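*Asks:* Before I ask anything, let me first share the structure, which is written out below as structure tokens.
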There are 2 protein chains.
Amino acid sequence: MFDSGVGGLTVLHECLVSLPEEDFLYLGDTARFPYGDRSPDELRAFARELAEILLERGAKLLVIACNSATAAALPALREELHGRIPVIGVVTPEARLAARATRNGRVGLIATPATVDSGAYGRALADAAPGAELHAVASAELAPLIQAGGDVDHRVLDCVEGACRPLRAAGVDTVILGCTHYPLIRPVLQRELGRGITIVSSGEAIAEDVHGTLERLGLANPATRRGAYGFLASGDVEDFRRLGTRFLQLPITSVEHFEVGVRAAA
Amino acid sequence: MFDSGVGGLTVLHECLVSLPEEDFLYLGDTARFPYGDRSPDELRAFARELAEILLERGAKLLVIACNSATAAALPALREELHGRIPVIGVVTPEARLAARATRNGRVGLIATPATVDSGAYGRALADAAPGAELHAVASAELAPLIQAGGDVDHRVLDCVEGACRPLRAAGVDTVILGCTHYPLIRPVLQRELGRGITIVSSGEAIAEDVHGTLERLGLANPATRRGAYGFLASGDVEDFRRLGTRFLQLPITSVEHFEVGVRAAA
């Protein structure tokens, strides 16, 4: 499983709830964070590189736990890795959940510019709920503010308020958190959106997809087993350990460093 | 609204989601934390004292956002304050939610010794779901570990595992978090309980009760208003500010100190 930072830990958490018998290796590309304003070509190159690292470590299934990377790279990566490893991404699962949740057909989206620009959610929602309207708000600042790991302060509140205001004005009844970082400040978002709006995020739906795929391909571990989990970061490992422990509420004892850009430069 | 510490902030959060137009004053009796191993008489005296402080500050409705204090003091306080202020407590709302959630009629409870010993949940569940079985686990350690505010570590994990093991063994499909501190480590509890067990906590149900009571008594603010919130602590105010900001993900700029035991000693 990989993400640009600690956001994908919200996906890992749901996988640990559903699949305690599986081993997980989480890779945070913190040296190149944020992904939200990268070009599609860059994101595809990063995704390819990170997938190879995880394949070398013996991964049997790959989760892209980052919306920007999924939006840019999922179809290409799936094709390139076909027959080697199944690849699961975000975006489609949330669109499916939003289609199920909305009653008035007006769905909001908060995501990075890369994700919004890709149009991936528009396509996924049109498939899942033909006729539903998507109201998208791009925020370049929110994921970096969360990744910085400080207390929620007025910059975060202003940013959340700025993102939610147009969605409330559009009368949406469902909002997709289109970045895996956002569930880490779900209380702030829920207060700003109020009680009547359903928040949809990817974690639980991804965990279902992972479970289903492992079963279908005969790759699932026996349910009696207790899985292990490991962490890799391309940036500062102590920062990752500290933030990850706090955000995941899981004691992370060690984080291994990995170099990025080596293959690309070679 | 009062609690022994920062746990009741999980209730305040849900009230802020539902009732952004109301003003809230939160009082944390951190100097006398924890309440979980206090006697019923002590808890009734504390609740009386804190209620008077909030009444003096102009409260129009009182929420006991602490399970130990509710279990010991709610009926007495309601009677004593009858005609002066409506009083809402935890316990009954969670029992109602658990009755709705359980499919197999086996409900787990994790709570402080004071709450478990009071038998309040057994009575509330028998009212809400006659015939349902309650499996209660008392933990004196968990609330203080959370209130200490450190990272989730092996002491927390061991404590959570010890509380959840007998509940899983009893085959419960629903677990009541019978202390307002516990939702602050909900991810840890959900991982330990697994996907098939529904976790029930009090926040949202309390918010519903507060809303309904204000409407019924004609005490509700106009919906267009933006409410204010304030904080009082009987212990260290900076500790409270720091912990509260982190746990509530709400910037708390100032916390006022208040003295406890003054009236009791006078």
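Residue numbering restarts at 1 in every chain; chains get A, B, ... in the order shown in the structure tokens, and ligands count up from 1 in that same order.
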List as a Markdown table every residue of chain A that is in contact with chain B, defined as an atom at most 7 Å from one of its atoms (using only C-alpha atoms), together with the nearest atom pair and the distance in Å rounded to one decimal, sorted by chain and then rising number.
*Replies:*
| residue | atom | partner | partner_atom | distance |
| --- | --- | --- | --- | --- |
| A:Leu16 | CA | B:Arg191 | CA | 6.3 |
| A:Val17 | CA | B:Arg191 | CA | 4.4 |
| A:Ser18 | CA | B:Arg195 | CA | 5.3 |
| A:Asp151 | CA | B:Arg246 | CA | 6.1 |
| A:Val152 | CA | B:Gln249 | CA | 5.4 |
| A:Asp153 | CA | B:Pro251 | CA | 5.5 |
| A:Pro187 | CA | B:Gln249 | CA | 6.8 |
| A:Val188 | CA | B:Gln249 | CA | 6.4 |
| A:Gln190 | CA | B:Val17 | CA | 6.5 |
| A:Arg191 | CA | B:Val17 | CA | 4.4 |
| A:Gly194 | CA | B:Val17 | CA | 5.0 |
| A:Arg195 | CA | B:Ser18 | CA | 5.3 |
| A:Thr245 | CA | B:Asp151 | CA | 6.9 |
| A:Arg246 | CA | B:Asp151 | CA | 6.1 |
| A:Gln249 | CA | B:Val152 | CA | 5.4 |
| A:Leu250 | CA | B:Val152 | CA | 6.2 |
| A:Pro251 | CA | B:Asp153 | CA | 5.5 |
*Asks:* Any chance you could list, as number ranges by chain, the residues in segment 5-142 of chain B that come up strand (DSSP E or B) when DSSP is run on the backbone?
*Replies:* B: 24-28, 62-64, 87-89, 106-111, 133-138
*Asks:* One decimal, in Å: what's the spacing between atom CA of Arg241 of chain A and atom CA of Gly28 of chain A?
*Replies:*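 Pair atom CA of Arg241 of chain A / atom CA of Gly28 of chain A returns 10.7 Å.
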*Asks:* List as a VMD selection string the protein and nucleic acid residues near Tyr229 of chain B, meaning an atom at most 6 Å away when only C-alpha atoms are counted, but skip any in the same chain fewer than 2 places from it.
*Replies:* chain B and resid 23 to 25
*Asks:* Which neighbours of segment 133-144 of chain A fall inside 10 Å, counting only C-alpha atoms, when residues of the same chain fewer than 4 positions from it are skipped, and could you give them as a PyMOL selection string?
*Replies:* chain A and resi 5-7+33-37+104-117+119+121-123+125-126+129+148-149+155-160+162-167+170-172+174-176+178-182+184-185
*Asks:* Give me, please, the distance in Å between atom CA of Leu74 of chain B and atom CA of Pro222 of chain B, quoted to one decimal.
*Replies:*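 About the pair atom CA of Leu74 of chain B and atom CA of Pro222 of chain B: they are 28.8 Å apart.
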*Asks:* Which of these, B:Ala169, B:Ala73, B:Leu214, B:Leu61, has the shortest distance to Pro40 of chain B once you count only C-alpha atoms?
*Replies:*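 Closest to Pro40 of chain B, using only C-alpha atoms: B:Ala73.
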*Asks:* Would you list, as a ChimeraX atom specification, the residues of segment 47-130 of chain B that end up in helix (DSSP H, G or I) under DSSP run on this structure's backbone?
*Replies:* /B:47-56,67-80,92-101,113-118,120-128
*Asks:* Go ahead and dump the residues you just picked, N, CA and C atoms, as a compact mmCIF listing (two decimals), in the first residue's frame.
*Replies:*
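So out-v1.txt came out as:
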# COMPACT_ATOMS: atom_id res chain seq x y z
N ALA B 47 -21.37 16.44 41.36
CA ALA B 47 -22.32 16.81 40.31
C ALA B 47 -23.14 18.02 40.74
N ARG B 48 -23.56 18.03 42.01
CA ARG B 48 -24.33 19.14 42.56
C ARG B 48 -23.53 20.44 42.48
N GLU B 49 -22.28 20.35 42.89
CA GLU B 49 -21.40 21.52 42.91
C GLU B 49 -21.19 22.07 41.48
N LEU B 50 -20.91 21.18 40.54
CA LEU B 50 -20.64 21.62 39.16
C LEU B 50 -21.91 22.17 38.50
N ALA B 51 -23.04 21.57 38.82
CA ALA B 51 -24.31 22.07 38.28
C ALA B 51 -24.56 23.50 38.74
N GLU B 52 -24.25 23.78 40.02
CA GLU B 52 -24.46 25.15 40.53
C GLU B 52 -23.55 26.15 39.82
N ILE B 53 -22.31 25.76 39.57
CA ILE B 53 -21.38 26.65 38.85
C ILE B 53 -21.95 26.98 37.47
N LEU B 54 -22.46 25.98 36.78
CA LEU B 54 -23.00 26.20 35.43
C LEU B 54 -24.30 27.00 35.48
N LEU B 55 -25.10 26.78 36.50
CA LEU B 55 -26.33 27.58 36.67
C LEU B 55 -26.00 29.04 36.90
N GLU B 56 -25.01 29.29 37.74
CA GLU B 56 -24.58 30.67 38.00
C GLU B 56 -24.12 31.37 36.73
N ASN B 67 -20.08 9.29 32.30
CA ASN B 67 -20.92 8.14 32.62
C ASN B 67 -20.93 7.83 34.11
N SER B 68 -19.76 7.96 34.76
CA SER B 68 -19.72 7.66 36.20
C SER B 68 -20.63 8.60 36.96
N ALA B 69 -20.58 9.89 36.63
CA ALA B 69 -21.41 10.88 37.32
C ALA B 69 -22.89 10.69 36.99
N THR B 70 -23.19 10.36 35.72
CA THR B 70 -24.59 10.11 35.35
C THR B 70 -25.14 8.94 36.13
N ALA B 71 -24.36 7.83 36.15
CA ALA B 71 -24.84 6.61 36.80
C ALA B 71 -25.14 6.87 38.28
N ALA B 72 -24.31 7.69 38.94
CA ALA B 72 -24.49 7.92 40.37
C ALA B 72 -25.48 9.04 40.67
N ALA B 73 -25.52 10.08 39.81
CA ALA B 73 -26.17 11.32 40.24
C ALA B 73 -27.37 11.78 39.43
N LEU B 74 -27.62 11.19 38.26
CA LEU B 74 -28.66 11.78 37.40
C LEU B 74 -30.04 11.85 38.06
N PRO B 75 -30.56 10.75 38.61
CA PRO B 75 -31.93 10.85 39.17
C PRO B 75 -32.01 11.89 40.29
N ALA B 76 -31.02 11.87 41.19
CA ALA B 76 -31.02 12.82 42.31
C ALA B 76 -30.95 14.26 41.81
N LEU B 77 -30.05 14.50 40.85
CA LEU B 77 -29.85 15.86 40.35
C LEU B 77 -31.09 16.36 39.62
N ARG B 78 -31.70 15.48 38.85
CA ARG B 78 -32.93 15.85 38.14
C ARG B 78 -34.01 16.28 39.13
N GLU B 79 -34.11 15.53 40.20
CA GLU B 79 -35.13 15.84 41.19
C GLU B 79 -34.82 17.17 41.88
N GLU B 80 -33.55 17.33 42.28
CA GLU B 80 -33.16 18.55 43.00
C GLU B 80 -33.29 19.81 42.15
N THR B 92 -28.69 6.17 29.29
CA THR B 92 -29.94 5.79 28.61
C THR B 92 -29.83 5.92 27.08
N PRO B 93 -29.26 7.04 26.56
CA PRO B 93 -29.17 7.14 25.09
C PRO B 93 -28.36 6.01 24.45
N GLU B 94 -27.24 5.61 25.09
CA GLU B 94 -26.44 4.53 24.51
C GLU B 94 -27.19 3.21 24.57
N ALA B 95 -27.91 2.98 25.69
CA ALA B 95 -28.68 1.73 25.81
C ALA B 95 -29.72 1.65 24.70
N ARG B 96 -30.35 2.78 24.40
CA ARG B 96 -31.34 2.86 23.31
C ARG B 96 -30.68 2.52 21.96
N LEU B 97 -29.50 3.13 21.72
CA LEU B 97 -28.80 2.85 20.46
C LEU B 97 -28.37 1.39 20.37
N ALA B 98 -27.90 0.84 21.49
CA ALA B 98 -27.45 -0.56 21.50
C ALA B 98 -28.62 -1.49 21.23
N ALA B 99 -29.77 -1.17 21.80
CA ALA B 99 -30.96 -1.99 21.58
C ALA B 99 -31.34 -2.00 20.10
N ARG B 100 -31.15 -0.85 19.44
CA ARG B 100 -31.44 -0.75 18.01
C ARG B 100 -30.41 -1.52 17.19
N ALA B 101 -29.15 -1.51 17.65
CA ALA B 101 -28.05 -2.06 16.84
C ALA B 101 -27.91 -3.57 16.94
N PRO B 113 -15.24 1.23 36.89
CA PRO B 113 -15.84 0.44 37.97
C PRO B 113 -17.08 1.12 38.56
N ALA B 114 -17.04 2.45 38.73
CA ALA B 114 -18.20 3.16 39.31
C ALA B 114 -19.44 2.95 38.45
N THR B 115 -19.26 3.04 37.14
CA THR B 115 -20.40 2.90 36.23
C THR B 115 -20.91 1.46 36.22
N VAL B 116 -19.99 0.49 36.12
CA VAL B 116 -20.41 -0.92 36.10
C VAL B 116 -21.11 -1.27 37.40
N ASP B 117 -20.53 -0.87 38.55
CA ASP B 117 -21.10 -1.21 39.86
C ASP B 117 -22.49 -0.61 40.07
N SER B 118 -22.74 0.52 39.44
CA SER B 118 -24.04 1.19 39.63
C SER B 118 -25.20 0.37 39.06
N ALA B 120 -26.47 0.78 36.28
CA ALA B 120 -27.34 1.67 35.49
C ALA B 120 -27.54 1.16 34.06
N TYR B 121 -26.49 0.60 33.46
CA TYR B 121 -26.65 0.11 32.08
C TYR B 121 -27.54 -1.12 32.01
N GLY B 122 -27.44 -1.98 33.03
CA GLY B 122 -28.30 -3.17 33.05
C GLY B 122 -29.77 -2.76 33.07
N ARG B 123 -30.10 -1.77 33.92
CA ARG B 123 -31.48 -1.31 34.00
C ARG B 123 -31.91 -0.63 32.69
N ALA B 124 -31.01 0.22 32.15
CA ALA B 124 -31.38 0.96 30.92
C ALA B 124 -31.56 0.00 29.75
N LEU B 125 -30.70 -1.04 29.68
CA LEU B 125 -30.83 -1.99 28.57
C LEU B 125 -32.07 -2.85 28.73
N ALA B 126 -32.38 -3.22 29.97
CA ALA B 126 -33.59 -4.03 30.21
C ALA B 126 -34.84 -3.26 29.78
N ASP B 127 -34.82 -1.93 29.98
CA ASP B 127 -35.94 -1.09 29.51
C ASP B 127 -35.99 -1.04 27.99
N ALA B 128 -34.80 -0.84 27.38
CA ALA B 128 -34.75 -0.58 25.93
C ALA B 128 -34.89 -1.87 25.12
*Asks:* Residues at most 7 Å from Asp3 of chain B, counting only C-alpha atoms, excluding those fewer than 4 positions away in the same chain, as a ChimeraX atom specification?
*Replies:* /B:7-8,27-29,64-66
*Asks:* Let me make sure I understand: among B:Lys60, B:Arg44, B:His82, B:Arg38, which one has the smallest atom-to-atom distance to Gly218 of chain B if we use only C-alpha atoms?
*Replies:* B:Lys60
*Asks:* Please compute the atom CA of Phe2 of chain B-atom CA of Gly89 of chain B distance, one decimal, in Å.
*Replies:*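 These atoms are spaced 10.1 Å apart.
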*Asks:* Excluding Ala31 of chain A and its own-chain neighbours fewer than 3 positions away, which residues fall within 10 Å of it when counting only C-alpha atoms? Please give them as a list in words.
*Replies:* Ser4, Gly5, Gly28, Pro34, Ala233, Ser234, Gly235, Asp236, Phe258, Glu259 and Val260 of chain A
*Asks:* Of the candidates B:Glu22, B:Gly227, B:Thr30, B:Glu208, which one gets nearest to Phe240 of chain B if we count only C-alpha atoms?
*Replies:*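 Among the listed residues, B:Thr30 lies closest to Phe240 of chain B.
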